[in-house]
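Below is one structure, written out as structure tokens; comments come after it.
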Amino acid sequence: DLKREVQRLCGYSRFRQRLLLPDGQILPDEAALNEPADVQLVFLPFSRSSGQQVEELWDAVERKDMHMMEELLQRPQDPDLEVGGRTPFVLRSFPWSHKSSPSVAGSVRRH
């Protein structure tokens with residue numbers, strides 16, 4: 001997976017990366033490049049998140065809703081924002097996190 005390789009090399013979470021095709025369209029995360037292609041890599045800053053958005057992420061973590069976590073992190077939302085003294089990505093310490101969704105848990109890093 002191209003974004004995971006970029007994350008390994010540069011340290012930027014795949015949620016903060018966008019790959020643009022020459023016509024300006026965003027290449028979907030699940031797209032496969034089967035041959036050489038021209039793409040532009042863009043690193044996004046974290047978006048501003050309201051308290052409600054941070055709570056939504058925490059709720060998704062508590063429900064183990066990987067689909068919702070993926071959707072929320074694509075904003076890209078900072079996974080380390082606190083609500084009530086807790087951060088959603090204490091998730092990395094949850095025993096289920098690495099087993100059930102390495103795609104989300106393994107991709108969440110502050111950078």
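So you can find residues: chains in the structure tokens are A, B, ... in the order shown, residues in each start at 1, and ligands are numbered from 1 in order.
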Could you build a table of the residues in region 18-71 of chain A lying no more than 12 Å from region 76-87 of chain A, giving for each the nearest pair of atoms and their separation in Å rounded to one decimal place, using only C-alpha atoms, ordered by chain and ascending residue number, as a Markdown table?
| residue | atom | partner | partner_atom | distance |
| --- | --- | --- | --- | --- |
| A:Arg18 | CA | A:Pro76 | CA | 10.4 |
| A:Phe43 | CA | A:Pro76 | CA | 10.3 |
| A:Leu44 | CA | A:Pro76 | CA | 7.5 |
| A:Pro45 | CA | A:Pro76 | CA | 7.5 |
| A:Phe46 | CA | A:Pro76 | CA | 5.3 |
| A:Ser47 | CA | A:Gln77 | CA | 5.6 |
| A:Arg48 | CA | A:Gln77 | CA | 7.3 |
| A:Ser49 | CA | A:Gln77 | CA | 6.6 |
| A:Ser50 | CA | A:Leu81 | CA | 9.8 |
| A:Gly51 | CA | A:Val83 | CA | 6.9 |
| A:Gln52 | CA | A:Val83 | CA | 9.2 |
| A:Gln53 | CA | A:Gln77 | CA | 8.5 |
| A:Val54 | CA | A:Leu81 | CA | 6.8 |
| A:Glu55 | CA | A:Val83 | CA | 6.8 |
| A:Glu56 | CA | A:Val83 | CA | 10.5 |
| A:Leu57 | CA | A:Pro79 | CA | 8.1 |
| A:Trp58 | CA | A:Thr87 | CA | 7.4 |
| A:Asp59 | CA | A:Thr87 | CA | 11.1 |
| A:Ala60 | CA | A:Pro79 | CA | 12.0 |
| A:Val61 | CA | A:Thr87 | CA | 10.1 |
| A:Glu62 | CA | A:Thr87 | CA | 11.5 |
| A:Met69 | CA | A:Pro79 | CA | 9.8 |
| A:Glu70 | CA | A:Pro76 | CA | 9.7 |
| A:Glu71 | CA | A:Pro76 | CA | 9.0 |
Tell me which of A:Met66, A:Val42, A:Pro36, A:Pro28 sits closest to Ser13 (chain A), counting only C-alpha atoms. A:Val42
Grab the CA of Asn34 (chain A) to CA of Met68 (chain A) distance for me, in Å with one decimal place.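 According to the coordinates, CA of Asn34 (chain A) and CA of Met68 (chain A) are separated by 28.8 Å.
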So what do you get for CA of Gln40 (chain A) versus CA of Leu19 (chain A), distance-wise?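 Separation between CA of Gln40 (chain A) and CA of Leu19 (chain A): 5.6 Å.
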